[in-house]
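Here's final_28.cif, which has mmCIF, C-alpha atoms:
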```
data_query
loop_
_atom_site.group_PDB
_atom_site.id
_atom_site.type_symbol
_atom_site.label_atom_id
_atom_site.label_comp_id
_atom_site.auth_asym_id
_atom_site.auth_seq_id
_atom_site.Cartn_x
_atom_site.Cartn_y
_atom_site.Cartn_z
ATOM 1 C CA MET A 13 0.000 0.000 0.000
ATOM 2 C CA ALA A 14 1.610 3.170 -1.153
ATOM 3 C CA ILE A 15 1.090 6.858 -1.679
ATOM 4 C CA ALA A 16 2.563 7.722 -5.080
ATOM 5 C CA TYR A 17 3.102 10.990 -6.909
ATOM 6 C CA TYR A 18 3.082 11.432 -10.695
ATOM 7 C CA ALA A 19 3.137 14.345 -13.099
ATOM 8 C CA GLU A 20 1.458 14.659 -16.477
ATOM 9 C CA GLU A 21 2.238 17.697 -18.638
ATOM 10 C CA VAL A 22 3.707 19.520 -15.604
ATOM 11 C CA LYS A 23 6.745 19.337 -13.351
ATOM 12 C CA LEU A 24 6.228 17.348 -10.144
ATOM 13 C CA PRO A 25 5.776 19.885 -7.329
ATOM 14 C CA ALA A 26 8.454 20.067 -4.654
ATOM 15 C CA ILE A 27 6.632 18.519 -1.713
ATOM 16 C CA LYS A 28 8.154 16.593 1.160
ATOM 17 C CA LYS A 29 6.805 13.181 0.170
ATOM 18 C CA LYS A 30 7.579 11.304 3.378
ATOM 19 C CA ALA A 31 6.186 14.039 5.610
ATOM 20 C CA VAL A 32 3.099 14.453 3.414
ATOM 21 C CA GLY A 33 2.569 10.681 3.369
ATOM 22 C CA ASP A 34 2.792 10.525 7.169
ATOM 23 C CA TRP A 35 0.355 13.445 7.384
ATOM 24 C CA ILE A 36 -2.119 11.772 5.017
ATOM 25 C CA ARG A 37 -1.995 8.572 7.087
ATOM 26 C CA LYS A 38 -2.518 10.559 10.297
ATOM 27 C CA VAL A 39 -5.527 12.422 8.895
ATOM 28 C CA ALA A 40 -7.047 9.193 7.538
ATOM 29 C CA SER A 41 -6.650 7.564 10.965
ATOM 30 C CA LEU A 42 -8.662 10.386 12.561
ATOM 31 C CA TYR A 43 -11.585 9.196 10.434
ATOM 32 C CA GLY A 44 -11.063 5.546 11.343
ATOM 33 C CA LYS A 45 -9.416 4.839 7.985
ATOM 34 C CA ARG A 46 -6.093 3.442 6.836
ATOM 35 C CA THR A 47 -4.414 4.170 3.548
ATOM 36 C CA GLY A 48 -4.314 1.747 0.676
ATOM 37 C CA ASP A 49 -2.963 2.768 -2.703
ATOM 38 C CA ILE A 50 -3.354 6.488 -3.317
ATOM 39 C CA SER A 51 -1.980 8.044 -6.487
ATOM 40 C CA TYR A 52 -1.646 11.780 -6.915
ATOM 41 C CA ILE A 53 -1.472 12.793 -10.551
ATOM 42 C CA PHE A 54 -0.393 16.415 -10.839
ATOM 43 C CA CYS A 55 -1.392 17.883 -14.173
ATOM 44 C CA SER A 56 -2.297 20.973 -16.183
ATOM 45 C CA ASP A 57 -5.689 22.629 -16.556
ATOM 46 C CA GLU A 58 -6.008 21.110 -20.019
ATOM 47 C CA LYS A 59 -5.388 17.589 -18.725
ATOM 48 C CA ILE A 60 -7.875 17.902 -15.863
ATOM 49 C CA LEU A 61 -10.476 19.284 -18.271
ATOM 50 C CA GLU A 62 -9.885 16.261 -20.513
ATOM 51 C CA VAL A 63 -10.313 13.887 -17.540
ATOM 52 C CA ASN A 64 -13.408 15.777 -16.371
ATOM 53 C CA LYS A 65 -15.027 15.502 -19.812
ATOM 54 C CA GLN A 66 -14.002 11.898 -20.483
ATOM 55 C CA TYR A 67 -14.921 10.315 -17.167
ATOM 56 C CA LEU A 68 -17.446 12.642 -15.543
ATOM 57 C CA GLN A 69 -19.042 14.342 -18.561
ATOM 58 C CA HIS A 70 -18.278 17.743 -17.000
ATOM 59 C CA ASP A 71 -17.066 20.509 -19.297
ATOM 60 C CA TYR A 72 -15.225 22.714 -16.822
ATOM 61 C CA TYR A 73 -11.898 23.171 -15.095
ATOM 62 C CA THR A 74 -11.450 22.157 -11.476
ATOM 63 C CA ASP A 75 -8.639 21.872 -8.952
ATOM 64 C CA ILE A 76 -9.107 18.169 -8.113
ATOM 65 C CA ILE A 77 -10.891 15.102 -9.392
ATOM 66 C CA SER A 78 -11.081 12.134 -7.035
ATOM 67 C CA PHE A 79 -11.579 8.592 -8.256
ATOM 68 C CA ASP A 80 -12.488 6.685 -5.114
ATOM 69 C CA TYR A 81 -11.579 2.991 -4.859
ATOM 70 C CA THR A 82 -12.070 2.765 -1.097
ATOM 71 C CA GLU A 83 -13.071 -0.602 0.328
ATOM 72 C CA GLY A 84 -14.277 -0.659 3.895
ATOM 73 C CA THR A 85 -11.872 1.291 6.059
ATOM 74 C CA LYS A 86 -9.000 1.198 3.545
ATOM 75 C CA ILE A 87 -8.967 4.366 1.456
ATOM 76 C CA SER A 88 -7.597 4.164 -2.064
ATOM 77 C CA GLY A 89 -7.953 6.334 -5.120
ATOM 78 C CA ASP A 90 -6.522 8.281 -8.002
ATOM 79 C CA LEU A 91 -6.450 12.011 -7.330
ATOM 80 C CA PHE A 92 -5.879 14.337 -10.284
ATOM 81 C CA ILE A 93 -4.755 17.822 -9.221
ATOM 82 C CA SER A 94 -4.427 20.735 -11.638
ATOM 83 C CA LEU A 95 -1.394 22.748 -10.599
ATOM 84 C CA ASP A 96 -2.601 25.581 -12.865
ATOM 85 C CA THR A 97 -5.817 25.862 -10.849
ATOM 86 C CA VAL A 98 -3.961 25.495 -7.536
ATOM 87 C CA LYS A 99 -1.796 28.444 -8.600
ATOM 88 C CA SER A 100 -4.750 30.608 -9.669
ATOM 89 C CA ASN A 101 -6.643 29.673 -6.468
ATOM 90 C CA SER A 102 -3.681 30.733 -4.333
ATOM 91 C CA GLU A 103 -3.598 34.068 -6.181
ATOM 92 C CA ASN A 104 -7.380 34.570 -5.968
ATOM 93 C CA PHE A 105 -7.560 33.665 -2.259
ATOM 94 C CA GLY A 106 -4.312 35.439 -1.338
ATOM 95 C CA THR A 107 -2.811 32.245 0.062
ATOM 96 C CA ASP A 108 0.636 30.754 -0.246
ATOM 97 C CA TYR A 109 0.908 28.373 -3.231
ATOM 98 C CA THR A 110 2.371 25.536 -1.145
ATOM 99 C CA GLU A 111 -0.375 25.918 1.463
ATOM 100 C CA GLU A 112 -3.014 25.796 -1.267
ATOM 101 C CA LEU A 113 -1.356 22.709 -2.741
ATOM 102 C CA HIS A 114 -1.442 20.961 0.651
ATOM 103 C CA ARG A 115 -5.094 22.002 1.061
ATOM 104 C CA ILE A 116 -5.995 20.325 -2.234
ATOM 105 C CA ILE A 117 -3.878 17.253 -1.426
ATOM 106 C CA ILE A 118 -5.789 16.726 1.824
ATOM 107 C CA HIS A 119 -9.114 17.687 0.209
ATOM 108 C CA GLY A 120 -8.830 14.536 -1.906
ATOM 109 C CA VAL A 121 -8.065 12.407 1.152
ATOM 110 C CA LEU A 122 -11.073 13.862 2.954
ATOM 111 C CA HIS A 123 -13.241 12.862 -0.027
ATOM 112 C CA LEU A 124 -11.837 9.324 0.235
ATOM 113 C CA CYS A 125 -12.733 9.405 3.947
ATOM 114 C CA GLY A 126 -16.338 10.151 3.010
ATOM 115 C CA ILE A 127 -16.568 13.915 3.403
ATOM 116 C CA ASN A 128 -18.501 15.618 0.616
ATOM 117 C CA ASP A 129 -18.701 19.241 -0.479
ATOM 118 C CA LYS A 130 -21.526 19.461 -3.003
ATOM 119 C CA GLY A 131 -24.680 19.486 -0.828
ATOM 120 C CA PRO A 132 -26.107 22.266 1.372
ATOM 121 C CA GLY A 133 -23.638 23.223 4.098
ATOM 122 C CA GLU A 134 -21.112 20.588 3.011
ATOM 123 C CA ARG A 135 -18.588 23.036 1.537
ATOM 124 C CA GLU A 136 -18.269 24.803 4.897
ATOM 125 C CA ILE A 137 -17.767 21.478 6.677
ATOM 126 C CA MET A 138 -15.121 20.468 4.099
ATOM 127 C CA THR A 139 -13.271 23.773 4.565
ATOM 128 C CA GLN A 140 -13.337 23.289 8.351
ATOM 129 C CA LYS A 141 -11.974 19.733 7.982
ATOM 130 C CA GLU A 142 -9.270 20.983 5.585
ATOM 131 C CA ASN A 143 -8.240 23.644 8.104
ATOM 132 C CA GLU A 144 -8.112 21.089 10.918
ATOM 133 C CA ALA A 145 -5.990 18.764 8.765
ATOM 134 C CA LEU A 146 -3.650 21.552 7.649
ATOM 135 C CA ALA A 147 -3.008 22.394 11.308
ATOM 136 C CA LEU A 148 -1.669 18.843 11.758
ATOM 137 C CA LEU A 149 1.034 19.282 9.096
ATOM 138 C CA PRO A 150 4.173 20.473 10.898
ATOM 139 C CA GLU A 151 5.181 24.003 9.923
ATOM 140 C CA GLU A 152 8.592 22.875 8.647
ATOM 141 C CA ASP A 153 6.876 20.423 6.261
ATOM 142 C CA ARG A 154 4.599 23.054 4.760
ATOM 143 C CA LYS A 155 7.428 24.626 2.831
ATOM 144 C CA SER A 156 8.726 23.348 -0.482
#
```
Translate the structure described by the file into structure tokens.
Amino acid sequence: MAIAYYAEEVKLPAIKKKAVGDWIRKVASLYGKRTGDISYIFCSDEKILEVNKQYLQHDYYTDIISFDYTEGTKISGDLFISLDTVKSNSENFGTDYTEELHRIIIHGVLHLCGINDKGPGEREIMTQKENEALALLPEEDRKS
């Protein structure tokens, strides 16, 4: 069971893989989950749009698409993250790029843990859970 990082059409972001992996496992455990195989595929806006159209029949850009293969308490999935959208989000929200990247990384894990963000009030709950998870990532591991 592994957490893997790939890049398509972009350069792999400079994240501390071991620290981020430990953090992901810690957050999952808070929800009574353990990690199976989780693949992060960092990509461009164009690639995520292609994935969104092909697999979800959605014709729009997004920051993350989660394909959930969770079985029981073992979370697994493929998580596509558009680094272009992460960058524009960090600019629009006035946040640090690396912090925004970590927010999206954990956002996908929270989806795999069963937290949704599409229904009434769910986005606020997701944001709260993201903030709680981000607080668990040691400060020295938040930097590239």
Kindly resolve the PyMOL selection byres ((chain A and resi 20) around 7) on the present coordinates and return the residues as a list in words.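 Applied to this file, the PyMOL selection byres ((chain A and resi 20) around 7) selects Tyr18, Ala19, Glu21, Val22, Ile53, Phe54 and Cys55 of chain A.
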Exercise: A:Lys86 partners within 9 Å, all atoms listed in the file, chain neighbours under 6 positions left out, as a PyMOL selection string: chain A and resi 45-49
Take the selection from the previous step and output its residues with C-alpha atoms, as a PDB file, keeping the file's coordinate frame.
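The new file again_18.pdb reads:
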```
ATOM      1  CA  LYS A  45      -9.416   4.839   7.985  1.00  0.00           C
ATOM      2  CA  ARG A  46      -6.093   3.442   6.836  1.00  0.00           C
ATOM      3  CA  THR A  47      -4.414   4.170   3.548  1.00  0.00           C
ATOM      4  CA  GLY A  48      -4.314   1.747   0.676  1.00  0.00           C
ATOM      5  CA  ASP A  49      -2.963   2.768  -2.703  1.00  0.00           C
TER       6      ASP A  49
END
```
Could you list, as an MDAnalysis selection string, every residue within 12 Å of stretch 57-60 of chain A, counting all atoms listed in the file and ignoring same-chain residues fewer than 5 positions away? chainID A and resid 19:22 65:68 70:78 91:100
Running the PyMOL selection byres ((chain A and resi 102-111) around 9) on this model by hand, what would come out? Give it as a ChimeraX atom specification. /A:26-27,97-101,112-116,146,154-156
Can you tell me, as number ranges by chain, what residues are no more than 7 Å from A:Asn128 when counting only C-alpha atoms, ignoring any on the same chain fewer than 5 positions away? A: 123, 134, 138
Find, counting all atoms listed in the file, the residue in A:Leu24, A:Cys125, A:Val63, A:Ile117 that gets nearest to A:Ala40. A:Cys125
Residue nearest A:Asp34 among A:Leu61, A:Ile137, A:Ile50, A:Ile15 (counting only C-alpha atoms): A:Ile15
Have a look at atom CA of A:Glu144 and atom CA of A:Val39 and let me know their distance in Å, one decimal. 9.3 Å
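Of note, atom CA of A:Ala147 and atom CA of A:Lys30 are spaced 17.3 Å apart.
Take atom CA of A:Leu149 and atom CA of A:Gly89: the distance between them is 21.2 Å.
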From the set A:Lys141, A:Gly131, A:Lys38, A:Leu122, which residue has the shortest atom-to-atom contact distance to A:Ser88, counting only C-alpha atoms? A:Leu122
